[in-house]
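Asker: Before anything else, here's the structure in question.
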Amino acid sequence: MILRKSVAFWVTHVGLFLTLAFAFAGTFEHQRLNVRAFSGLPEHIAVSDNREFYHLPFRILLVNFHAEFHANGQSKSYNAEVILMHNETRERTTIRVNHPARFLGYDIYLSSFDRANPVPEYVIFLVIYDPWVYAKYVAIITLLLGLFLYIWRLKFAENAKVAWLVLLLGLAFCLMPFWGYLFGDRVLIPALRSWWFVPHIAVYMFAYAALTIACLLSIYTLFGRRDVACHVSTRTKKSIDFTLTIGTMLMGIGLLVGSLWAKEAWGGFWAFSLKENLAAIAWIAFLGCLHFRFYYENRRKTLAILIIIAYILLQLCWFGVGLFPESWQGLHQY
């Protein structure tokens, strides 16, 4: 039976397996180092997060640093012009937030700078060594393709009303995180000044919209009027299946897009922050609902209960994360 699964099934599961396998394999060779470079002084001494010192196989020479600030003093953008040196090789490049440089298999990020002085005396570079990075990109893109294929094969025409409801509710949800930036006084910090910013959040908002509808329909399945249950059960079941599938797939896409953005901005696909972990737990819960629906298609009330539980976990990710002090100053407080 499993051999007759769809292309979307195989691509998604292969992509998920490769993503987890390469992420695990990459932990053994992964290095995350910090380099403090002063202008005009080539530097090759790096410090790990565990306060261990390393000698890089190349030197970083800081040539010039430029920073711009918003009116409130918050950083708007900053970049560093550097020369990367190895033996007789000299490579001159500019490193900006969201735009790292790659040299000798290392990714070099502009992490921070001296904020104590009006004219910064030094710049901090984050240097990442990950020989599995391209394998991870292939795995994530494969998983993304599988999730898109699942959405592509959904029967939108048969669920037109629900699809329009998801669209409208998703647009309304999008206003929540974007309102302060579009019409308020919130400003984008350098890490958020990326083209990943809008798709990452927007995809999540449409996922939340679809899963909200799935949860409401699940509540109706449990507590709706019994005298009309037979008449609406088939239509309700189709709507739950549709919104559960599209919401779960979009949520997975949002997670993966966020991981690609994180790699570009902060040097790692996953930082194990509270928000990320809760999002992963909620996604796994909805994936469990999808698999339960596949194997126990006629147990609609049990599925409804599982969807409601998964949705509560999603609310913990959305609202509950603000209850924990470690996330109060995080980028996910929108």
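Naming works like this for the structure tokens: A, B, ... for the chains as they're shown, residue 1 at the start of each chain, ligands 1 onward in shown order.
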Would you pick out the contacts of Glu297 in chain A at 10 Å or less, using only C-alpha atoms, so that residues sharing its chain but fewer than 6 positions from it are not included, and give the list as JSON, numbers by chain?
Answerer: {"A": [237, 241, 290, 291, 303]}
Asker: As a count of residues only, please: every residue in range 84-253 of chain A that a backbone DSSP assignment puts in helix (DSSP H, G or I).
Answerer: 104
Asker: Please, what distance in Å, to one decimal, runs between CA of Arg32 in chain A and CA of Pro120 in chain A?
Answerer: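 Result for CA of Arg32 in chain A versus CA of Pro120 in chain A: 23.6 Å, one decimal.
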Asker: So that I can see what lies close to Leu104 in chain A, please list as a PyMOL selection string the residues with an atom at most 10 Å from it, counting only C-alpha atoms and leaving out residues fewer than 4 positions away in the same chain.
Answerer: chain A and resi 57-58+84+86+129
Asker: Got a sec: who's within 12 Å of Phe103 in chain A, counting only C-alpha atoms, leaving out chain neighbours fewer than 4 positions off, as an NGL selection string?
Answerer: :A and (56-60 or 82-86 or 89-93 or 95 or 107-109 or 127-129)
Asker: Rank A:Leu169, A:Leu61, A:Val35, A:Leu147 by their smallest atom-to-atom distance to Val14 in chain A, using only C-alpha atoms, and report the top residue only.
Answerer: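 Closest to Val14 in chain A, using only C-alpha atoms: A:Leu147.
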